[in-house]
Structure formats: C-alpha cells, structure tokens
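Okay, model37.cif is below, mmCIF, C-alpha atoms:
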```cif
data_structure
#
loop_
_atom_site.label_atom_id
_atom_site.label_comp_id
_atom_site.auth_asym_id
_atom_site.auth_seq_id
_atom_site.Cartn_x
_atom_site.Cartn_y
_atom_site.Cartn_z
CA MET A 150 56.74 51.54 60.97
CA THR A 151 57.55 55.25 61.21
CA LYS A 152 59.57 56.23 64.23
CA THR A 153 58.26 59.36 65.89
CA THR A 154 60.26 61.75 68.00
CA PRO A 155 58.94 61.98 71.55
CA PRO A 156 57.62 65.43 72.39
CA ARG A 157 59.82 67.74 74.42
CA PRO A 158 58.75 67.76 78.06
CA PRO A 159 57.26 71.04 79.24
CA PRO A 160 59.78 73.53 80.66
CA ARG A 161 60.50 73.06 84.33
CA PRO A 162 59.26 75.95 86.43
CA VAL A 163 61.99 78.39 87.34
CA SER A 164 61.93 80.09 90.72
CA ALA A 165 60.73 83.68 90.62
CA PRO A 166 63.22 86.56 90.90
CA ASP A 167 63.76 87.90 94.38
CA GLN A 168 61.31 90.62 95.35
CA LEU A 169 62.84 94.08 95.22
CA ASP A 170 62.72 96.13 98.41
CA ARG A 171 63.38 99.82 98.95
CA ILE A 172 67.04 99.37 99.89
CA GLY A 173 67.68 97.16 96.86
CA ALA A 174 65.93 99.68 94.61
CA ARG A 175 68.10 102.54 95.88
CA ARG A 176 71.20 100.43 95.37
CA ILE A 177 70.22 99.80 91.74
CA LEU A 178 69.68 103.51 91.08
CA ALA A 179 72.99 104.42 92.72
CA GLN A 180 74.97 101.91 90.67
CA MET A 181 73.30 102.65 87.36
CA GLY A 182 73.11 106.40 87.87
CA GLU A 183 76.75 106.87 88.84
CA ASN A 184 78.43 104.91 86.07
CA GLY A 185 75.74 103.38 83.90
CA LYS A 186 76.86 99.89 84.84
CA PRO A 187 74.40 97.13 85.70
CA PRO A 188 73.57 96.33 89.33
CA GLU A 189 75.16 93.17 90.70
CA LEU A 190 71.85 92.20 92.32
CA GLY A 191 68.33 92.76 91.05
CA ILE A 192 69.25 92.76 87.37
CA SER A 193 65.91 91.20 86.36
CA HIS A 194 64.08 94.34 87.50
CA VAL A 195 65.83 96.54 84.92
CA ASN A 196 66.49 94.06 82.12
CA ALA A 197 64.98 94.29 78.64
CA GLY A 198 65.75 93.30 75.07
CA ASN A 199 67.71 90.08 75.54
CA GLU A 200 64.92 87.73 76.61
CA SER A 201 65.17 85.55 73.49
CA TYR A 202 68.82 84.77 74.26
CA LEU A 203 67.98 83.95 77.87
CA ARG A 204 65.15 81.64 76.80
CA VAL A 205 67.48 79.70 74.48
CA LEU A 206 70.17 79.40 77.14
CA ASP A 207 67.62 78.26 79.70
CA THR A 208 65.72 75.68 77.65
CA GLU A 209 68.40 74.33 75.30
CA TYR A 210 71.39 74.52 77.61
CA ILE A 211 70.71 74.93 81.33
CA GLN A 212 67.68 72.62 81.43
CA ASP A 213 68.36 70.12 78.65
CA LEU A 214 72.15 69.95 78.42
CA ILE A 215 73.51 71.00 81.81
CA ILE A 216 70.94 69.62 84.26
CA ALA A 217 69.27 66.75 82.36
CA ALA A 218 72.21 65.43 80.30
CA GLU A 219 75.04 66.53 82.65
CA GLY A 220 76.82 68.09 79.67
CA SER A 221 78.63 71.38 79.14
CA SER A 222 78.82 74.22 76.64
CA PHE A 223 80.96 77.23 75.75
CA LYS A 224 79.50 80.42 74.26
CA LEU A 225 81.31 83.57 73.17
CA VAL A 226 79.38 86.77 73.96
CA GLN A 227 80.33 89.77 71.83
CA GLY A 228 79.33 93.37 72.17
CA THR A 229 80.88 96.79 71.76
CA TYR A 230 81.80 99.01 74.68
CA GLY A 231 78.62 99.84 76.59
CA ALA A 232 76.51 97.31 74.66
CA GLY A 233 75.65 95.35 77.79
CA LYS A 234 78.13 92.46 78.03
CA THR A 235 78.41 92.61 81.82
CA HIS A 236 74.67 93.25 82.06
CA PHE A 237 73.97 90.10 80.04
CA LEU A 238 76.33 87.99 82.15
CA TYR A 239 74.53 89.21 85.27
CA CYS A 240 71.23 88.16 83.67
CA VAL A 241 72.60 84.66 83.02
CA ARG A 242 73.91 84.52 86.57
CA ASP A 243 70.47 85.42 87.92
CA LEU A 244 68.90 82.73 85.72
CA ALA A 245 71.44 80.13 86.84
CA TRP A 246 70.78 80.96 90.49
CA ARG A 247 67.07 80.40 89.94
CA ARG A 248 67.93 76.96 88.51
CA ARG A 249 69.92 76.08 91.66
CA MET A 250 73.31 76.41 90.01
CA LEU A 251 76.46 77.88 91.45
CA THR A 252 78.02 80.77 89.58
CA ALA A 253 81.44 82.38 89.28
CA PHE A 254 81.65 85.84 87.73
CA VAL A 255 85.29 86.61 86.93
CA THR A 256 86.79 89.68 85.28
CA ILE A 257 89.74 88.78 83.07
CA SER A 258 92.17 91.68 83.47
CA PRO A 259 95.86 92.31 82.69
CA LYS A 260 97.12 92.70 86.24
CA GLU A 261 94.89 90.53 88.42
CA CYS A 262 93.66 87.75 86.18
CA PRO A 263 95.19 87.32 82.71
CA PHE A 264 94.14 84.15 80.91
CA ASN A 265 97.76 83.12 80.31
CA ARG A 266 98.24 82.55 84.05
CA PRO A 267 96.17 79.46 84.87
CA LEU A 268 96.72 79.84 88.61
CA ALA A 269 95.30 83.37 88.54
CA VAL A 270 92.21 82.10 86.70
CA TYR A 271 91.72 79.21 89.12
CA ARG A 272 92.22 81.49 92.12
CA ALA A 273 89.64 83.96 90.82
CA VAL A 274 87.06 81.23 90.20
CA ALA A 275 87.76 79.50 93.54
CA GLN A 276 87.29 82.76 95.41
CA ARG A 277 84.30 84.05 93.41
CA ILE A 278 82.23 80.88 93.11
CA GLU A 279 79.01 81.39 95.04
CA ARG A 280 75.67 79.84 95.75
CA PRO A 281 72.35 81.48 94.82
CA HIS A 282 71.62 84.56 96.87
CA GLY A 283 68.67 84.01 99.14
CA ALA A 284 69.24 80.21 99.22
CA GLY A 285 68.42 79.77 102.86
CA GLY A 286 70.51 82.49 104.43
CA GLU A 287 73.44 84.84 103.85
CA PRO A 288 75.42 84.71 100.59
CA VAL A 289 78.13 82.05 100.62
CA ARG A 290 81.13 82.67 98.37
CA GLY A 291 84.42 80.77 97.94
CA VAL A 292 85.02 77.07 97.44
CA ASP A 293 86.09 76.49 101.06
CA ASP A 294 83.00 78.20 102.49
CA LEU A 295 80.75 76.24 100.12
CA VAL A 296 82.28 72.95 101.25
CA ARG A 297 82.11 74.04 104.90
CA HIS A 298 78.44 74.96 104.58
CA CYS A 299 77.64 71.62 102.91
CA VAL A 300 79.47 69.65 105.60
CA GLU A 301 77.93 71.57 108.49
CA ARG A 302 74.46 71.10 107.02
CA ARG A 303 75.07 67.34 106.77
CA VAL A 304 76.38 67.15 110.32
CA ALA A 305 73.28 68.97 111.57
CA GLY A 306 70.96 66.68 109.61
CA ASP A 307 72.68 63.27 109.62
CA GLY A 308 75.28 63.40 112.38
CA ARG A 309 79.08 63.29 112.35
CA ASP A 310 79.48 59.58 111.62
CA ALA A 311 77.19 59.66 108.58
CA THR A 312 78.95 62.80 107.34
CA ARG A 313 82.37 61.15 107.65
CA ALA A 314 81.03 58.21 105.65
CA TRP A 315 79.78 60.62 102.98
CA ILE A 316 83.18 62.31 102.82
CA ASP A 317 84.97 58.95 102.48
CA GLY A 318 82.59 57.71 99.81
CA GLU A 319 81.72 60.85 97.84
CA LEU A 320 84.78 63.10 98.10
CA ALA A 321 87.80 60.97 98.98
CA ARG A 322 87.12 58.55 96.10
CA ALA A 323 85.93 61.07 93.52
CA ALA A 324 87.54 61.00 90.08
CA PHE A 325 88.84 64.57 90.15
CA THR A 326 91.40 65.59 87.53
CA ARG A 327 93.99 66.44 90.21
CA HIS A 328 94.43 63.91 92.99
CA ALA A 329 95.87 66.64 95.20
CA PHE A 330 92.60 68.57 94.89
CA ARG A 331 90.67 65.46 95.95
CA ASP A 332 92.94 65.02 98.98
CA ALA A 333 92.62 68.70 99.88
CA VAL A 334 88.83 68.89 99.67
CA ALA A 335 88.38 65.61 101.58
CA GLY A 336 90.90 66.71 104.20
CA PHE A 337 89.22 70.08 104.56
CA ALA A 338 85.81 68.44 104.98
CA ARG A 339 87.15 66.07 107.66
CA ALA A 340 88.78 68.99 109.48
CA VAL A 341 85.42 70.80 109.56
CA VAL A 342 83.69 67.70 110.98
CA ASP A 343 86.41 67.25 113.62
CA GLY A 344 86.63 70.93 114.51
CA ASP A 345 90.32 71.05 113.54
CA GLU A 346 90.49 74.73 112.57
CA PRO A 347 94.30 74.92 112.00
CA ALA A 348 94.05 72.15 109.39
CA ALA A 349 90.89 73.69 107.94
CA ARG A 350 92.62 77.06 107.55
CA ARG A 351 95.63 75.51 105.79
CA LEU A 352 93.51 73.44 103.43
CA GLY A 353 91.04 76.28 102.87
CA ALA A 354 93.90 78.51 101.72
CA TRP A 355 95.10 75.69 99.43
CA LEU A 356 91.63 75.31 97.90
CA ARG A 357 91.38 79.07 97.31
CA GLY A 358 94.67 78.93 95.40
CA GLU A 359 96.50 81.17 97.85
CA ASP A 360 100.25 81.09 98.33
CA ILE A 361 101.06 78.18 100.60
CA SER A 362 104.38 76.39 100.99
CA LEU A 363 104.81 72.75 100.10
CA THR A 364 105.82 72.12 103.71
CA GLU A 365 102.51 73.49 104.96
CA ALA A 366 100.64 71.49 102.37
CA LYS A 367 102.38 68.27 103.41
CA LEU A 368 101.43 68.91 107.03
CA ALA A 369 97.84 68.77 105.83
CA GLY A 370 98.38 65.61 103.78
CA VAL A 371 98.63 67.23 100.33
CA TYR A 372 101.81 66.81 98.28
CA GLU A 373 101.61 69.58 95.71
CA VAL A 374 100.65 73.25 95.76
CA PRO A 375 98.56 75.28 93.31
CA SER A 376 100.67 76.67 90.45
CA ASN A 377 100.48 77.69 86.81
CA ASP A 378 101.51 74.15 85.87
CA ASN A 379 98.42 72.59 87.47
CA GLY A 380 96.05 75.60 87.42
CA PHE A 381 93.69 74.39 84.71
CA GLY A 382 93.67 70.90 86.20
CA MET A 383 92.65 72.52 89.48
CA LEU A 384 89.90 74.41 87.68
CA ARG A 385 88.58 71.20 86.12
CA SER A 386 88.62 69.55 89.55
CA LEU A 387 86.71 72.46 91.10
CA ILE A 388 84.05 72.19 88.41
CA GLN A 389 83.82 68.42 89.00
CA LEU A 390 83.22 69.12 92.70
CA VAL A 391 80.10 71.26 92.18
CA PRO A 392 77.48 68.50 91.65
CA ARG A 393 78.97 66.49 94.52
CA LEU A 394 78.01 69.36 96.83
CA GLY A 395 74.39 68.98 95.76
CA TRP A 396 74.10 71.76 93.18
CA GLN A 397 72.67 71.46 89.66
CA GLY A 398 75.80 72.80 87.98
CA LEU A 399 78.04 75.82 87.45
CA ALA A 400 77.77 78.92 85.28
CA LEU A 401 81.30 80.22 84.69
CA LEU A 402 81.00 83.83 83.48
CA LEU A 403 84.21 85.41 82.18
CA ASP A 404 84.10 89.15 81.45
CA GLU A 405 86.94 90.62 79.40
CA ALA A 406 87.98 93.97 80.85
CA GLU A 407 88.90 96.91 78.63
CA ARG A 408 91.70 99.03 79.98
CA ARG A 409 93.58 102.17 78.99
CA LEU A 410 97.08 100.83 78.51
CA ALA A 411 100.38 102.01 77.10
CA PRO A 412 100.34 101.74 73.28
CA ASP A 413 103.85 100.27 73.11
CA VAL A 414 102.82 96.92 74.68
CA LYS A 415 103.43 94.06 72.23
CA PRO A 416 101.43 91.01 73.30
CA THR A 417 101.78 88.73 70.27
CA LYS A 418 103.61 85.91 72.05
CA ALA A 419 101.45 85.97 75.18
CA LEU A 420 98.27 86.21 73.14
CA GLY A 421 99.28 83.16 71.14
CA GLU A 422 100.01 81.18 74.30
CA THR A 423 96.63 81.93 75.84
CA VAL A 424 94.71 81.01 72.70
CA ASP A 425 95.75 77.43 73.45
CA HIS A 426 94.12 77.69 76.88
CA LEU A 427 90.87 78.98 75.42
CA ARG A 428 90.89 76.26 72.77
CA GLU A 429 91.45 73.66 75.48
CA LEU A 430 88.52 75.05 77.49
CA ILE A 431 86.25 74.86 74.44
CA ASP A 432 87.37 71.29 73.73
CA LEU A 433 86.72 70.23 77.32
CA CYS A 434 83.19 71.57 77.04
CA GLY A 435 82.74 69.79 73.73
CA ARG A 436 83.86 66.49 75.27
CA SER A 437 81.69 67.07 78.35
CA GLU A 438 84.72 66.79 80.62
CA LEU A 439 83.40 69.75 82.58
CA PRO A 440 80.13 68.18 83.75
CA ARG A 441 77.11 70.42 84.28
CA THR A 442 78.93 73.58 83.21
CA LEU A 443 77.98 76.58 81.08
CA VAL A 444 80.91 78.84 80.16
CA LEU A 445 80.28 82.32 78.75
CA TYR A 446 83.21 84.50 77.68
CA ALA A 447 82.39 88.16 76.88
CA VAL A 448 84.59 90.10 74.41
CA THR A 449 84.32 93.00 71.97
CA PRO A 450 83.84 92.41 68.22
CA MET A 451 87.54 93.24 67.87
CA PHE A 452 88.19 89.70 69.02
CA THR A 453 86.20 87.99 66.28
CA GLU A 454 87.37 90.48 63.63
CA HIS A 455 91.09 90.69 64.37
CA VAL A 456 92.16 87.84 66.67
CA LEU A 457 90.24 84.82 65.43
CA PRO A 458 91.60 85.06 61.87
CA LEU A 459 95.12 84.77 63.29
CA TYR A 460 94.34 81.39 64.89
CA PRO A 461 92.51 79.08 62.46
CA ALA A 462 92.16 76.24 64.97
CA LEU A 463 90.26 78.51 67.37
CA GLN A 464 88.30 80.10 64.54
CA GLN A 465 87.09 76.67 63.41
CA ARG A 466 85.82 75.89 66.90
CA LEU A 467 83.86 79.13 67.09
CA GLY A 468 82.54 78.90 63.56
CA ALA A 469 83.85 80.27 60.29
CA PRO A 470 82.04 82.31 59.20
CA ILE A 471 80.78 83.32 62.63
CA GLN A 472 77.35 81.92 63.43
CA PHE A 473 75.16 83.84 65.86
CA LEU A 474 72.86 82.18 68.38
CA GLY A 475 69.12 82.75 68.14
CA PRO A 476 65.75 81.00 68.49
CA HIS A 477 66.19 79.40 65.03
CA ASN A 478 69.91 78.67 65.46
CA PRO A 479 70.25 77.60 69.11
CA ARG A 480 73.53 75.69 68.62
CA ALA A 481 75.50 78.64 67.25
CA PRO A 482 78.66 79.41 69.26
CA VAL A 483 78.42 83.22 69.44
CA ILE A 484 75.87 85.53 71.09
CA ASP A 485 75.77 88.97 69.45
CA LEU A 486 74.53 91.70 71.77
CA GLU A 487 74.21 94.16 68.89
CA ALA A 488 71.17 92.17 67.71
CA LEU A 489 68.53 92.40 70.45
CA ASP A 490 64.79 91.80 70.60
CA LEU A 491 63.99 95.53 70.49
CA GLU A 492 65.21 98.25 68.15
CA PRO A 493 67.26 101.01 69.85
CA ARG A 494 64.53 103.51 70.74
CA LYS A 495 62.07 100.88 71.98
CA LEU A 496 64.84 99.31 74.04
CA LEU A 497 65.60 102.63 75.73
CA LEU A 498 61.90 103.18 76.38
CA GLU A 499 61.52 99.78 78.05
CA VAL A 500 64.65 100.18 80.18
CA GLY A 501 63.54 103.70 81.12
CA LYS A 502 60.10 102.49 82.16
CA ARG A 503 61.64 99.84 84.42
CA LEU A 504 64.03 102.33 85.99
CA ALA A 505 61.13 104.68 86.68
CA ASP A 506 59.31 101.85 88.46
CA VAL A 507 62.44 101.21 90.55
CA ALA A 508 62.61 104.92 91.44
CA ARG A 509 58.96 104.89 92.54
CA LEU A 510 59.68 102.00 94.88
CA ALA A 511 63.00 103.38 96.12
CA TYR A 512 61.57 106.69 97.31
CA ASP A 513 57.87 105.92 97.72
CA TRP A 514 57.45 108.41 94.88
CA SER A 515 54.21 108.89 92.97
CA PRO A 516 54.84 111.30 90.08
CA PRO A 517 52.23 111.90 87.37
CA ASP A 518 52.68 109.03 84.92
CA LYS A 519 52.07 111.29 81.90
CA ILE A 520 54.94 113.59 82.89
CA VAL A 521 57.37 110.71 83.38
CA GLN A 522 56.36 109.08 80.09
CA ALA A 523 56.56 112.34 78.13
CA ASN A 524 60.11 113.01 79.36
CA LEU A 525 61.09 109.42 78.66
CA ASP A 526 59.72 109.55 75.11
CA ARG A 527 61.56 112.79 74.31
CA LEU A 528 64.84 111.66 75.87
CA ALA A 529 64.85 108.34 74.01
CA VAL A 530 64.38 110.16 70.70
CA ILE A 531 67.17 112.65 71.40
CA VAL A 532 69.65 110.04 72.58
CA THR A 533 69.09 107.80 69.59
CA GLN A 534 69.49 110.83 67.30
CA GLU A 535 72.59 112.35 68.90
CA GLN A 536 74.34 109.46 70.65
CA LEU A 537 74.54 106.85 67.93
CA GLU A 538 78.10 105.79 68.66
CA VAL A 539 79.14 102.92 70.88
CA GLY A 540 77.77 102.94 74.40
CA HIS A 541 74.51 104.83 73.89
CA ARG A 542 72.64 102.43 76.20
CA ARG A 543 74.97 103.11 79.11
CA PHE A 544 74.86 106.81 78.26
CA PHE A 545 71.05 106.79 78.32
CA VAL A 546 70.85 104.96 81.66
CA ARG A 547 73.05 107.50 83.42
CA LEU A 548 71.13 110.39 81.91
CA TRP A 549 67.68 108.98 82.67
CA VAL A 550 68.50 108.28 86.33
CA ARG A 551 69.83 111.83 86.60
CA LEU A 552 66.62 113.17 85.05
CA LEU A 553 64.47 111.06 87.40
CA ASP A 554 66.29 112.65 90.32
CA GLN A 555 65.52 116.11 88.93
CA LEU A 556 61.84 115.27 88.52
CA ARG A 557 61.69 113.82 92.04
CA LEU A 558 63.58 116.61 93.83
CA GLY A 559 62.10 119.50 91.88
CA THR A 560 58.72 120.33 90.41
CA PRO A 561 57.62 117.52 88.07
CA ARG A 562 57.31 118.95 84.55
CA VAL A 563 57.85 118.01 80.95
CA LEU A 564 61.25 119.32 79.90
CA GLY A 565 61.60 121.01 76.54
CA ASP A 566 63.90 119.72 73.84
CA ASP A 567 66.46 122.45 74.57
CA ASP A 568 66.66 121.43 78.23
CA LEU A 569 67.02 117.76 77.32
CA ARG A 570 69.69 118.47 74.71
CA SER A 571 71.59 120.49 77.32
CA LEU A 572 71.51 117.48 79.65
CA VAL A 573 72.76 115.30 76.80
CA ARG A 574 75.66 117.67 76.07
CA ASP A 575 76.64 117.77 79.76
CA GLU A 576 76.62 113.98 79.91
CA GLN A 577 78.59 113.71 76.68
CA ALA A 578 81.28 115.93 78.22
CA LEU A 579 81.53 113.62 81.23
CA VAL A 580 81.73 110.54 79.03
CA THR A 581 84.47 112.14 76.91
CA GLU A 582 86.56 112.64 80.04
CA GLU A 583 86.04 109.05 81.18
CA VAL A 584 86.55 107.16 77.90
CA ASP A 585 89.83 107.46 76.05
CA GLU A 586 89.39 107.04 72.31
CA SER A 587 92.84 105.40 72.14
CA LEU A 588 91.57 102.58 74.32
CA VAL A 589 93.72 99.50 73.84
CA HIS A 590 91.62 96.36 73.60
CA THR A 591 92.48 93.37 75.73
CA PHE A 592 91.79 89.72 75.13
CA PHE A 593 92.33 87.13 77.86
CA GLY A 594 93.62 90.03 79.98
CA ILE A 595 96.41 90.68 77.47
CA PRO A 596 96.49 94.06 75.67
CA TYR A 597 96.07 93.75 71.92
CA LEU A 598 96.80 96.64 69.59
CA ALA A 599 94.26 97.13 66.82
CA LYS A 600 95.47 97.50 63.29
CA PRO A 601 96.03 101.12 62.17
CA GLY A 602 92.79 102.77 61.17
CA THR A 603 90.56 100.54 63.33
CA LYS A 604 88.68 101.56 66.45
#
```
Using the file provided, produce a representation of the structure as structure tokens.
Amino acid sequence: MTKTTPPRPPPRPVSAPDQLDRIGARRILAQMGENGKPPELGISHVNAGNESYLRVLDTEYIQDLIIAAEGSSFKLVQGTYGAGKTHFLYCVRDLAWRRRMLTAFVTISPKECPFNRPLAVYRAVAQRIERPHGAGGEPVRGVDDLVRHCVERRVAGDGRDATRAWIDGELARAAFTRHAFRDAVAGFARAVVDGDEPAARRLGAWLRGEDISLTEAKLAGVYEVPSNDNGFGMLRSLIQLVPRLGWQGLALLLDEAERRLAPDVKPTKALGETVDHLRELIDLCGRSELPRTLVLYAVTPMFTEHVLPLYPALQQRLGAPIQFLGPHNPRAPVIDLEALDLEPRKLLLEVGKRLADVARLAYDWSPPDKIVQANLDRLAVIVTQEQLEVGHRRFFVRLWVRLLDQLRLGTPRVLGDDDLRSLVRDEQALVTEEVDESLVHTFFGIPYLAKPGTK
C-alpha cells in the first residue's frame, strides 16, 4: 500500500497591517526623506520587492516551525550598504507582530552592544523585547514590563489567588536554563501581585540586566547577578519565558551596525572569540533549545566573503558554498537582499508609487496622477543609470521624497531631465559627505579590516 503525504493545511490568516493615519504617514516621510532609512512603524505601507522572502519565512518558519512545531531557526541576512537590511528586519518584525509574536530588534555595535560581551547582548534584548504594537493598548517594551502586564491582566481576570497559583506552577517551576532567572521572574511576578514595589524595582532591574549588587539581589531572593559569564544563559532563559507569558514566540532581529572607525584597530582575537558565540547560537537553534524562536542576523557580504572562510566550523553551519534562501530552496541558511523579486528600476518605481500614496494621505494632497507618474518614471531611469553603486535604493528614497515635497509646495509639473540630474548631483554631494569610503566593516560589533584592495 502506497503511503501518501497528507496535504499541507491552508495558511492561517494573518492579521492585517495597522491602518495608516495622517500622523503616521508624515512620520514615515520625515524618516525616509531625512536619511533614507526605513520607518520603525508602518513599514508594510512602503515595502516592495522582498515579498517572496517574507512568504517563505511566514509559511515555512513562523507558522510551521515556530508556532506549530515549537522549533527555532537561524538565518543570516546579507546585503550591501543601503541594500535594505534594516528595512527587511522591520518587515519581519511587522510580520511577527501580526502572528502574535514578541520581537526584539537589537543593533550590534562596537560601543553599546558587541557580540563578544554576552551581558551587553542580553541587556539589549531584555530592554528591547516588545509586544505587538496595537495589541490592546500602548506599546509595552522590556521584559519586566511584559511580565508586569501579564500578571496584572491575570489578576484582573482571575483574581490574586489564582494568579499566585499560576506563578507557582508556571514560572517558579519552569525549566529555565538559569535557575537565578527563574527565581527572579517568579519573585518579580509575586511582588507585582502583592504590590511590593521596592522588591519589584530590584528584580525588574535584575531582569533588565542592569548593574545590581549581589547584596541587593540576595535581598530579593536571587543569589547571582547578570554578568558576561552567565549572559547567554540569561538570554536562553528569557527566550524560554516568552511562550509562558502567552505569546506565540519570539523574533530576535540582530542588525550589524557599520561604523567609521580608526583603521589601526586589530580585532582578530576578539573576532575569533565571538565566532564561538554565534556558532553556539546557531547550534541552539538547530537543537531547538530556543523554543519558538526565529533569529535573523543582518551583515554585509564582507562577512560571508572574508570572515566565514577563516572559521570553517561556522562556515559549515551556514553552508559551503553559501546557499541562498528562496521559494525553491526554503531551508537555505542565507537570505541575499541583492536578489529581490523586482529588477532595480521596477523596484524603484514600486517604492516610489507607495511613497506617493503616503504623501497624498499625509497632506490630504491630490496632485495630477500623470504628473507624479511622469516624474517618477524619469527619476527611476536616471538613478539607475547614474547611481549604480551601493546604496542606490536609499539614495532614491531620499531624492523622491524631496521631489514630492517640491511638487506639493510648488506648481506641479513634469521636471526635465536636466532638472532631475541636478537634483541627483546635489543628493550625491550630500551622500559623499555622509559616507566615508574608508568605512571599516564591523562584525558582531567588532571592527574588521578588509583585505587591501577590497571595498
């Protein structure tokens, strides 16, 4: 008898993106027009070109692996400067929110959050973790506020005695990686129920990874303090807490910052140390020891080209040769933002159309559609002809928002090629001032010098 594979269940409906209002539309235009960077909220209203990646992440990972199977996954996201790494992470965050997942967007940077300092990473995640915006009230961010909100909601619905029983059964006996974390979160929850604010403040600071003395911790019934020695154990415990608070899972979004740094920094030793941490994180996802978790780490191609070959064990985990994720290869470990659904000019046209719609809403503006489209068509052609180097998408966004302002505040007209090329040259001059060509790449928040002759 032939065994047949049961059909895949139909995709679960995802909640619709939040409706955009006039204030939100103006905020989007301000953020994207000033620096070309994506808006922190409302990203779905200006997104284009990466929908195939989002569909794979939603169906194969968030729905099937994270929510249904309580598994976990790690994906490397690579893209050149200005290619949309942060934009893509915001899109995944928006998708995760609509699937009732918590998210933590963390910038890995040399001073504030290098990957070789586990406590700094835990602290950033603990302070940035947040529930979906619009989930029944004001945004709630930070592990202590999330626990407080959960406890207060239970007290309001079930009463104090039932909530204490839930704390004793669900939190105080949970199999967290660090027992001290279990004691701290249970103690904090009890302090919220009992109205003991001094204890809640002490334990809240402990949960956020802030500096707290061992004496203060002992007063609250916890016998260790957050440190680099236990930082990744704390992070694992925080991730294990998420489903116990009633959420579907966690999207941990790590964005590698690029900084202008002194060229004499020699990071070889530190870089090697932090590779072990990344390898451990990948292994934990592979063993599903981070239940209901999707981890995305965004880097430049410099990482896969120059760092991975130095560390074979890490290279093997991320694929050698590198395999890129797509509809026909959904298990691949790397997402390449240089390969999008739309070719460059069509991508700029679609993004420009969406930004024009946002501008119409933001200012109750009704320009002649033919004039807007004609300017958009001409600008997209010129930018793809003259701005072929890295970052042309960010360059285009800034320029198009600037041009929309000119059309709105002046007499709407179709600009000639000379006028548009003049705008392009002015914008190129601004970009040249802002971006140093000797930019030193950083990985895990540690500066890494490219080999001579590379960019």
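Our summary of the geometry notes that CA of Gly565 in chain A is positioned 25.2 Å from CA of Tyr512 in chain A.
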Hey, what's within 7 Å of Gly228 in chain A if we count only C-alpha atoms and toss same-chain stuff fewer than 6 positions away? As number ranges by chain, please? A: 234, 448-450, 485-487
Within 12 Å of range 366-389 of chain A, which residues of range 437-460 of chain A show up? Give each one with its shortest atom-to-atom distance in Å (one decimal) and the two atoms involved, counting all atoms listed in the file, rows by chain then rising residue number, as a tab-separated table.
```
residue	atom	partner	partner_atom	distance
A:Ser437	CA	A:Gln389	CA	10.9
A:Glu438	CA	A:Arg385	CA	8.0
A:Leu439	CA	A:Ile388	CA	6.4
A:Pro440	CA	A:Gln389	CA	6.4
A:Arg441	CA	A:Ile388	CA	8.3
A:Thr442	CA	A:Ile388	CA	7.4
A:Leu443	CA	A:Ile388	CA	10.5
A:Val444	CA	A:Ile388	CA	11.1
```
As an exercise, work out the distance from CA of Ala505 in chain A to CA of Asp404 in chain A in Å and give it to one decimal place.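 For CA of Ala505 in chain A relative to CA of Asp404 in chain A, the distance reads 28.2 Å.
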Check the smallest atom-to-atom distance from each of A:Ile216, A:Ala174, A:Val483, A:Leu390 to Ala447 in chain A using all atoms listed in the file, then report the winner. A:Val483
Evaluating the PyMOL selection byres ((chain A and resi 489-491) around 10) on the displayed file yields which residues, as a list in words?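 With the PyMOL selection byres ((chain A and resi 489-491) around 10) on this model, the match is Ala197, Gly198, Asn199, Glu200, Ser201, Tyr202, Gly475, Asp485, Leu486, Glu487, Ala488, Glu492, Pro493, Arg494, Lys495, Leu496, Leu497, Leu498 and Glu499 of chain A.
Nearest residue to Lys224 in chain A, choosing from A:Leu467, A:Met181, A:Val532, A:Leu564 and counting only C-alpha atoms: A:Leu467.
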Skip range 299-311 of chain A itself and residues of its chain fewer than 2 positions away, then list as a ChimeraX atom specification all residues within 7 Å of it, counting only C-alpha atoms. /A:295-297,313-315,338,342,394
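Put simply, CA of Arg570 in chain A is 22.0 Å away from CA of Asp518 in chain A.
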Taking the file as shown, what set of residues would the PyMOL selection byres ((chain A and resi 337) around 8) give back, as a ChimeraX atom specification? /A:293,333-336,338-341,348-349,352-353
